[in-house]
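For reference, run21.txt is printed below; it contains compact mmCIF, C-alpha atoms.
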# COMPACT_ATOMS: atom_id res chain seq x y z
CA MET T 957 41.98 28.79 -129.62
CA ALA T 958 44.37 31.29 -128.09
CA THR T 959 45.41 30.73 -124.48
CA PRO T 960 44.69 33.42 -121.86
CA LEU T 961 48.37 34.39 -121.96
CA GLU T 962 48.27 34.75 -125.74
CA GLN T 963 45.04 36.78 -125.51
CA LEU T 964 46.60 39.10 -122.94
CA ASN T 965 49.77 39.62 -124.96
CA GLY T 966 47.76 40.10 -128.14
CA ALA T 967 45.53 42.75 -126.55
CA TYR T 968 48.58 44.49 -125.09
CA GLU T 969 50.46 44.61 -128.39
CA ALA T 970 47.38 45.78 -130.31
CA THR T 971 46.85 48.59 -127.83
CA MET T 972 50.46 49.75 -127.82
CA LYS T 973 50.55 49.82 -131.64
CA ALA T 974 47.42 51.98 -131.89
CA GLU T 975 47.25 55.76 -131.65
CA GLY T 976 44.65 58.39 -130.87
CA GLN T 977 41.06 57.23 -130.72
CA ALA T 978 42.07 53.69 -131.74
CA PHE T 979 44.46 53.52 -128.78
CA PHE T 980 41.74 54.28 -126.24
CA ARG T 981 39.32 51.86 -127.90
CA ARG T 982 41.93 49.12 -127.75
CA LEU T 983 42.68 50.07 -124.16
CA GLY T 984 39.01 49.61 -123.30
CA GLU T 985 39.11 46.15 -124.89
CA TYR T 986 42.26 45.27 -122.92
CA LEU T 987 40.66 46.26 -119.63
CA GLY T 988 37.51 44.37 -120.57
CA LEU T 989 39.57 41.22 -121.14
CA LEU T 990 40.77 41.35 -117.53
CA HIS T 991 37.19 40.73 -116.41
CA GLN T 992 35.81 38.67 -119.30
CA ASN T 993 38.47 35.95 -119.33
CA ARG T 994 38.04 33.78 -116.24
CA ARG T 995 41.67 32.75 -115.91
CA ILE T 996 42.96 36.30 -116.32
CA GLY T 997 40.25 37.47 -113.93
CA ARG T 998 41.53 35.06 -111.28
CA VAL T 999 45.02 36.51 -111.64
CA VAL T 1000 43.64 40.03 -111.26
CA LYS T 1001 41.73 38.96 -108.13
CA ALA T 1002 44.81 37.25 -106.67
CA LEU T 1003 46.91 40.38 -107.16
CA SER T 1004 44.10 42.49 -105.72
CA ALA T 1005 44.01 40.22 -102.65
CA GLU T 1006 47.71 40.90 -102.08
CA VAL T 1007 47.02 44.63 -102.18
CA GLN T 1008 44.10 44.27 -99.75
CA GLU T 1009 46.31 42.39 -97.30
CA ALA T 1010 48.98 45.10 -97.55
CA GLU T 1011 46.32 47.75 -96.95
CA ARG T 1012 45.02 45.85 -93.91
CA LYS T 1013 48.51 45.76 -92.40
CA TYR T 1014 48.95 49.45 -93.15
CA ALA T 1015 45.64 50.23 -91.45
CA ASP T 1016 46.81 48.39 -88.32
CA GLU T 1017 50.10 50.32 -88.33
CA ASP T 1018 48.18 53.54 -88.88
CA GLU T 1019 46.04 52.93 -85.78
CA GLU T 1020 49.12 52.29 -83.65
CA LEU T 1021 50.86 55.41 -84.95
CA VAL T 1022 47.77 57.53 -84.30
CA ARG T 1023 47.87 56.54 -80.63
CA GLU T 1024 51.55 57.44 -80.40
CA PHE T 1025 51.03 60.80 -82.14
CA VAL T 1026 48.29 61.62 -79.62
CA VAL T 1027 50.77 60.99 -76.79
CA LEU T 1028 53.20 63.45 -78.44
CA ARG T 1029 50.40 65.96 -78.92
CA ASP T 1030 49.68 65.94 -75.18
CA LYS T 1031 53.39 66.22 -74.42
CA LEU T 1032 53.67 69.23 -76.73
CA VAL T 1033 50.83 71.06 -74.98
CA GLU T 1034 52.44 70.25 -71.63
CA LEU T 1035 55.76 71.77 -72.72
CA ALA T 1036 54.23 74.63 -74.74
CA PRO T 1037 50.65 75.42 -73.60
CA GLU T 1038 50.35 78.09 -76.29
CA ALA T 1039 50.39 75.31 -78.91
CA GLY T 1040 46.97 74.21 -77.68
CA GLU T 1041 45.24 77.56 -77.93
CA ASP T 1042 43.54 76.54 -81.16
CA ALA T 1043 42.36 73.18 -79.85
CA ASP T 1044 38.82 74.56 -79.48
CA ALA T 1045 38.71 76.32 -82.83
CA GLU T 1046 35.32 75.86 -84.48
CA TYR T 1047 35.04 73.57 -87.48
CA PRO T 1048 34.61 75.81 -90.57
CA GLY T 1049 32.11 73.51 -92.26
CA GLN T 1050 31.77 72.70 -95.94
CA ARG T 1051 33.16 75.47 -98.11
CA GLU T 1052 31.57 76.70 -101.28
CA PRO T 1053 33.43 75.65 -104.45
CA PHE T 1054 35.85 78.28 -105.77
CA GLY T 1055 35.37 80.50 -102.70
CA PRO T 1056 38.89 81.85 -101.91
CA ALA T 1057 37.95 83.23 -98.49
CA GLU T 1058 36.37 79.97 -97.38
CA ALA T 1059 39.29 78.01 -98.81
CA ASP T 1060 41.82 80.09 -96.85
CA HIS T 1061 39.83 79.67 -93.64
CA CYS T 1062 39.64 75.91 -94.10
CA ARG T 1063 43.34 75.73 -94.88
CA GLU T 1064 44.22 77.58 -91.68
CA TRP T 1065 41.89 75.42 -89.59
CA SER T 1066 43.35 72.23 -91.05
CA TRP T 1067 46.63 72.98 -89.18
CA THR T 1068 45.01 73.45 -85.78
CA LEU T 1069 44.97 71.01 -82.89
CA ALA T 1070 41.18 71.11 -83.25
CA ASN T 1071 41.60 69.35 -86.58
CA PHE T 1072 44.29 67.11 -85.08
CA ASP T 1073 41.85 65.95 -82.40
CA ALA T 1074 39.05 65.48 -84.94
CA ILE T 1075 41.27 63.31 -87.15
CA ALA T 1076 42.60 61.31 -84.21
CA ALA T 1077 39.06 60.63 -82.98
CA GLY T 1078 37.82 59.79 -86.47
CA ARG T 1079 35.11 62.43 -86.40
CA GLU T 1080 33.21 63.50 -89.52
CA GLU T 1081 33.93 67.18 -88.88
CA LYS T 1082 37.57 67.12 -89.90
CA ILE T 1083 39.78 68.08 -92.82
CA LEU T 1084 41.83 65.13 -94.00
CA GLU T 1085 43.25 65.67 -97.46
CA GLU T 1086 45.10 63.20 -99.60
CA ARG T 1087 48.87 63.61 -99.96
CA GLU T 1088 50.69 61.62 -102.64
CA GLY T 1089 47.86 59.09 -102.72
CA ASP T 1090 47.90 58.63 -98.94
CA ARG T 1091 44.86 59.44 -96.78
CA SER T 1092 46.14 57.87 -93.56
CA ARG T 1093 45.35 59.66 -90.31
CA SER T 1094 48.86 59.21 -88.92
CA ARG T 1095 50.39 61.02 -91.90
CA ALA T 1096 48.11 64.03 -91.32
CA LEU T 1097 48.72 64.05 -87.56
CA GLY T 1098 52.46 63.99 -88.09
CA GLU T 1099 52.29 66.93 -90.48
CA ILE T 1100 50.22 69.02 -88.05
CA LEU T 1101 52.55 68.34 -85.11
CA ASN T 1102 55.61 68.95 -87.24
CA ALA T 1103 54.29 72.38 -88.27
CA LYS T 1104 53.46 73.21 -84.65
CA VAL T 1105 56.89 72.29 -83.34
CA TYR T 1106 58.71 74.02 -86.19
CA ASN T 1107 56.79 77.28 -85.70
CA LEU T 1108 57.57 77.19 -81.99
CA GLN T 1109 61.28 76.52 -82.47
CA TYR T 1110 61.82 78.86 -85.43
CA PRO T 1111 59.16 81.60 -85.13
CA ASP T 1112 61.06 84.30 -87.01
CA ASP T 1113 64.30 83.02 -88.46
CA PRO T 1114 64.74 79.44 -89.83
CA ASN T 1115 68.40 79.67 -88.81
CA ARG T 1116 67.76 80.66 -85.20
CA LYS T 1117 66.22 78.16 -82.80
CA THR T 1118 64.35 79.65 -79.83
CA ARG T 1119 63.01 76.49 -78.14
CA PRO T 1120 65.81 73.93 -77.68
CA ASP T 1121 63.68 72.38 -74.92
CA LEU T 1122 61.54 70.87 -77.66
CA ASP T 1123 64.45 69.00 -79.27
CA ASP T 1124 63.66 65.68 -77.60
CA LEU T 1125 60.05 65.97 -78.66
CA ARG T 1126 61.08 66.71 -82.22
CA THR T 1127 63.38 63.67 -82.22
CA ARG T 1128 60.47 61.43 -81.17
CA LEU T 1129 58.22 63.12 -83.70
CA ASN T 1130 60.69 62.59 -86.53
CA HIS T 1131 61.02 58.92 -85.57
CA LEU T 1132 57.24 58.43 -85.72
CA ARG T 1133 57.00 60.23 -89.05
CA ASP T 1134 59.80 58.04 -90.43
CA ARG T 1135 57.87 54.95 -89.34
CA GLN T 1136 54.72 56.24 -91.01
CA ARG T 1137 56.60 57.00 -94.21
CA ALA T 1138 58.21 53.55 -94.25
CA ALA T 1139 54.80 51.89 -93.79
CA GLN T 1140 53.38 53.99 -96.60
CA LEU T 1141 56.24 53.07 -98.94
CA ARG T 1142 55.77 49.36 -98.18
CA VAL T 1143 52.14 49.40 -99.25
CA GLU T 1144 53.02 51.54 -102.28
CA ALA T 1145 55.58 48.92 -103.32
CA VAL T 1146 52.87 46.24 -103.27
CA PHE T 1147 50.57 48.46 -105.32
CA GLU T 1148 53.32 48.93 -107.90
CA SER T 1149 54.59 45.32 -108.05
CA THR T 1150 51.06 44.00 -108.61
CA GLY T 1151 50.21 46.64 -111.20
CA ARG T 1152 47.34 47.85 -109.02
CA ILE T 1153 48.22 51.54 -109.26
CA ALA T 1154 48.49 51.31 -113.03
CA LEU T 1155 45.16 49.48 -113.29
CA LEU T 1156 43.36 52.05 -111.16
CA ASN T 1157 44.84 54.87 -113.25
CA LEU T 1158 43.75 53.26 -116.50
CA GLU T 1159 40.24 52.55 -115.24
CA HIS T 1160 39.99 56.14 -114.05
CA VAL T 1161 41.00 57.48 -117.45
CA MET T 1162 38.57 55.23 -119.31
CA SER T 1163 35.73 56.28 -117.01
CA HIS T 1164 35.99 59.68 -118.71
CA ALA T 1165 35.57 58.18 -122.17
CA ALA T 1166 31.88 57.41 -121.60
CA PRO T 1167 29.14 60.09 -121.85
CA ARG T 1168 28.87 62.22 -118.71
CA GLU T 1169 25.76 61.86 -116.61
CA PRO T 1170 23.53 64.97 -116.52
CA ARG T 1171 23.72 67.57 -113.79
CA PRO T 1172 21.96 66.31 -110.63
CA GLU T 1173 18.71 67.93 -109.56
CA ALA T 1174 20.17 69.33 -106.37
CA PRO T 1175 20.09 72.82 -104.81
CA LEU T 1176 23.11 75.10 -105.15
CA GLY T 1177 25.58 74.55 -102.34
CA SER T 1178 24.37 71.02 -101.54
CA ASP T 1179 26.87 68.18 -101.28
CA GLU T 1180 25.60 66.60 -104.49
CA HIS T 1181 25.90 69.85 -106.43
CA THR T 1182 29.34 70.57 -104.99
CA VAL T 1183 30.65 67.11 -105.94
CA TRP T 1184 29.36 67.56 -109.49
CA ILE T 1185 30.92 71.01 -109.84
CA ASN T 1186 34.26 69.79 -108.49
CA GLU T 1187 34.29 66.83 -110.87
CA VAL T 1188 33.55 69.03 -113.88
CA PHE T 1189 36.24 71.48 -112.79
CA ALA T 1190 38.81 68.69 -112.28
CA GLU T 1191 37.90 67.11 -115.61
CA GLY T 1192 38.45 70.40 -117.39
CA ILE T 1193 41.86 70.99 -115.79
CA SER T 1194 43.08 67.44 -116.45
CA GLY T 1195 41.96 67.44 -120.07
CA PHE T 1196 39.65 64.44 -119.68
CA ALA T 1197 36.78 66.44 -121.16
CA TYR T 1198 38.65 66.34 -124.47
CA LEU T 1199 38.93 62.57 -124.21
CA ARG T 1200 35.14 62.27 -124.11
CA GLU T 1201 34.97 64.43 -127.24
CA LEU T 1202 37.65 62.30 -128.96
CA MET T 1203 35.66 59.11 -128.43
CA ARG T 1204 32.62 60.45 -130.28
CA PRO T 1205 32.17 59.25 -133.88
CA SER T 1206 34.15 61.57 -136.15
CA GLU T 1207 30.96 62.28 -138.14
CA PHE T 1208 29.34 63.86 -135.08
CA ARG T 1209 32.15 66.14 -133.95
CA GLY T 1210 34.33 68.78 -135.45
CA SER T 1211 38.11 68.78 -135.57
CA LEU T 1212 39.85 68.99 -132.22
CA GLU T 1213 41.61 72.20 -131.29
CA PRO T 1214 45.41 72.18 -130.74
CA LYS T 1215 44.84 72.49 -127.00
CA ALA T 1216 42.61 69.41 -127.03
CA THR T 1217 45.06 67.44 -129.16
CA GLU T 1218 47.90 68.31 -126.79
CA ALA T 1219 45.89 67.19 -123.75
CA ILE T 1220 44.88 63.91 -125.41
CA GLU T 1221 48.48 63.16 -126.39
CA ARG T 1222 49.55 63.78 -122.79
CA ILE T 1223 46.84 61.45 -121.45
CA GLU T 1224 47.73 58.79 -124.02
CA GLY T 1225 51.39 58.95 -123.01
CA LYS T 1226 50.52 58.41 -119.34
CA CYS T 1227 48.24 55.52 -120.27
CA ARG T 1228 51.02 53.87 -122.27
CA ASP T 1229 53.31 54.15 -119.26
CA ALA T 1230 50.63 52.66 -116.98
CA LEU T 1231 49.95 49.80 -119.39
CA GLU T 1232 53.67 49.00 -119.53
CA ARG T 1233 53.61 48.70 -115.73
CA LEU T 1234 50.37 46.69 -115.56
CA ASN T 1235 50.97 44.00 -118.17
CA PRO T 1236 54.20 42.42 -116.79
CA PRO T 1237 52.79 41.28 -113.40
CA LEU T 1238 49.69 39.88 -115.11
CA ARG T 1239 51.83 38.10 -117.69
CA ARG T 1240 54.15 36.66 -115.05
CA ARG T 1241 51.26 35.22 -113.02
CA LEU T 1242 49.69 33.69 -116.11
CA GLU T 1243 53.04 32.12 -117.05
CA GLU T 1244 53.26 30.61 -113.57
CA ARG T 1245 49.75 29.15 -113.80
CA ARG T 1246 49.57 28.01 -117.40
CA PHE T 1247 50.68 24.47 -116.50
CA LEU T 1248 48.31 24.31 -113.53
CA PRO T 1249 44.77 24.79 -114.88
CA ALA T 1250 42.06 24.91 -112.22
CA TRP T 1251 38.77 22.97 -112.53
CA GLY T 1252 36.92 26.28 -112.85
CA ASP T 1253 38.99 27.18 -115.90
CA PHE T 1254 37.26 24.55 -118.03
CA THR T 1255 33.96 25.11 -119.82
CA ARG T 1256 30.92 22.93 -119.12
CA ASN T 1257 31.49 20.82 -122.25
CA GLU T 1258 35.18 20.41 -121.38
CA LYS T 1259 34.24 19.25 -117.88
CA ILE T 1260 31.79 16.70 -119.32
CA GLY T 1261 34.48 15.44 -121.66
CA ILE T 1262 37.03 15.12 -118.85
CA VAL T 1263 34.59 13.25 -116.61
CA GLY T 1264 33.61 10.98 -119.51
CA ALA T 1265 37.24 10.22 -120.28
CA ALA T 1266 37.91 9.50 -116.62
CA LEU T 1267 34.95 7.11 -116.39
CA THR T 1268 36.04 5.36 -119.59
CA GLY T 1269 39.52 4.96 -118.13
CA LEU T 1270 38.11 3.50 -114.94
CA SER T 1271 35.99 1.07 -116.92
CA ILE T 1272 39.05 -0.16 -118.82
CA VAL T 1273 41.02 -0.60 -115.60
CA ALA T 1274 38.14 -2.49 -114.02
CA ALA T 1275 37.88 -4.81 -117.05
CA VAL T 1276 41.61 -5.55 -116.93
CA VAL T 1277 41.46 -6.33 -113.20
CA ILE T 1278 38.50 -8.70 -113.72
CA ALA T 1279 40.29 -10.45 -116.57
CA LEU T 1280 43.46 -10.93 -114.53
CA THR T 1281 41.47 -12.23 -111.59
CA ALA T 1282 39.63 -14.76 -113.75
CA ALA T 1283 42.88 -15.91 -115.31
CA ALA T 1284 44.36 -16.52 -111.88

What do you get writing this file as structure tokens?
Amino acid sequence: MATPLEQLNGAYEATMKAEGQAFFRRLGEYLGLLHQNRRIGRVVKALSAEVQEAERKYADEDEELVREFVVLRDKLVELAPEAGEDADAEYPGQREPFGPAEADHCREWSWTLANFDAIAAGREEKILEEREGDRSRSRALGEILNAKVYNLQYPDDPNRKTRPDLDDLRTRLNHLRDRQRAAQLRVEAVFESTGRIALLNLEHVMSHAAPREPRPEAPLGSDEHTVWINEVFAEGISGFAYLRELMRPSEFRGSLEPKATEAIERIEGKCRDALERLNPPLRRRLEERRFLPAWGDFTRNEKIGIVGAALTGLSIVAAVVIALTAAA
């Protein structure tokens, strides 16, 4: 019977050798192996635990940075009261999908101190968008303050500074933003070294290979309807809709258009890259553990056999001890 390491390597090689529909089917089998094989599953959980610990540390750093950004925000308003004129700007609310006017209004509000305060306080009525995979509050607060200070110092000409009195504040702000960026890069490094980013990407891609659930019975403009519309729109732009079509039996679909083929080839290329980044950390951990099997790695029959062998060994030892004692 193949060892977990051999199964992992076999599934990896079979996937990388396949193309088109066969590649994505093999990829699904590879990802399934990560959960079906107990020993491989333990490795995945161990690597996931490392990521969770890194995220916990990042969350603690984020909280500390938020407090320090709030101090700078108050200092900015003290030095330049006009910077706080939008602190009471009304939250624009949920915007309708594809509404350019609403989108522009939300974009403008997202750079106000009203949004800064909402993010800092952790309120629901805020706009906190993801940047480069990061949704930390401190990152968003730093961006808002940076825009505020820049617009005050260089209102008309990027080569002519009008508020040198804000230089010390900008220096402190840059230092905080550097700290936030360093913290973000540290957690990203853990994600990459454990293969976590690659695994999440692959699972996300394969989630689009299954049939899509029907449109929810929700009124137009509701949160449920908006989420569904946004997902369909994002799926169309990314090309994942073609992946769902590819995975249908060839007898039930027509030939794919050149645009669909191009999108699928692009997705397959990204998946190959992700798989190349995911397999090495899993393989390394399995290599480290292959000489140290845990009790839970054995099947029920194997456990019974081990216990039986141990009891037999004890019986033999006991018999030898009794014989030696009698001889003495």

*asked:* So, with only C-alpha atoms as the atoms that count, which of T:His1181, T:Arg981, T:Arg1029, T:Lys973 lies closest to Ala1165 (chain T)?
replied: T:Arg981

*Quick one: residues within 12 Å of Leu1097 (chain T), only C-alpha atoms counted, chain neighbours fewer than 5 positions away excluded, as an NGL selection string?*
:T and (1018-1019 or 1021-1029 or 1066-1078 or 1082-1085 or 1091-1092 or 1102-1104 or 1129 or 1132-1133 or 1136)

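Counting only C-alpha atoms and comparing T:Glu1180, T:Glu1144, T:Glu1034, T:Glu975, the residue that lies closest to Asp1090 (chain T) is T:Glu1144.
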
_Nearest to Glu1011 (chain T) by atom-to-atom distance, counting all atoms listed in the file, from T:Val1105, T:Val1143, T:Ile1100, T:Ala958_ = T:Val1143

*asked:* Report as a VMD selection string all protein, DNA and RNA residues lying within 10 Å of Pro1236 (chain T), evaluated on only C-alpha atoms, omitting residues in the same chain fewer than 5 positions from it.
replied: chain T and resid 965 1149 to 1151 1231 1241 to 1242

*Would you mind telling me which residue in T:Arg1093, T:Arg1126, T:Arg1171, T:Lys1001 lies nearest to Lys1031 (chain T) when using only C-alpha atoms?*
T:Arg1126
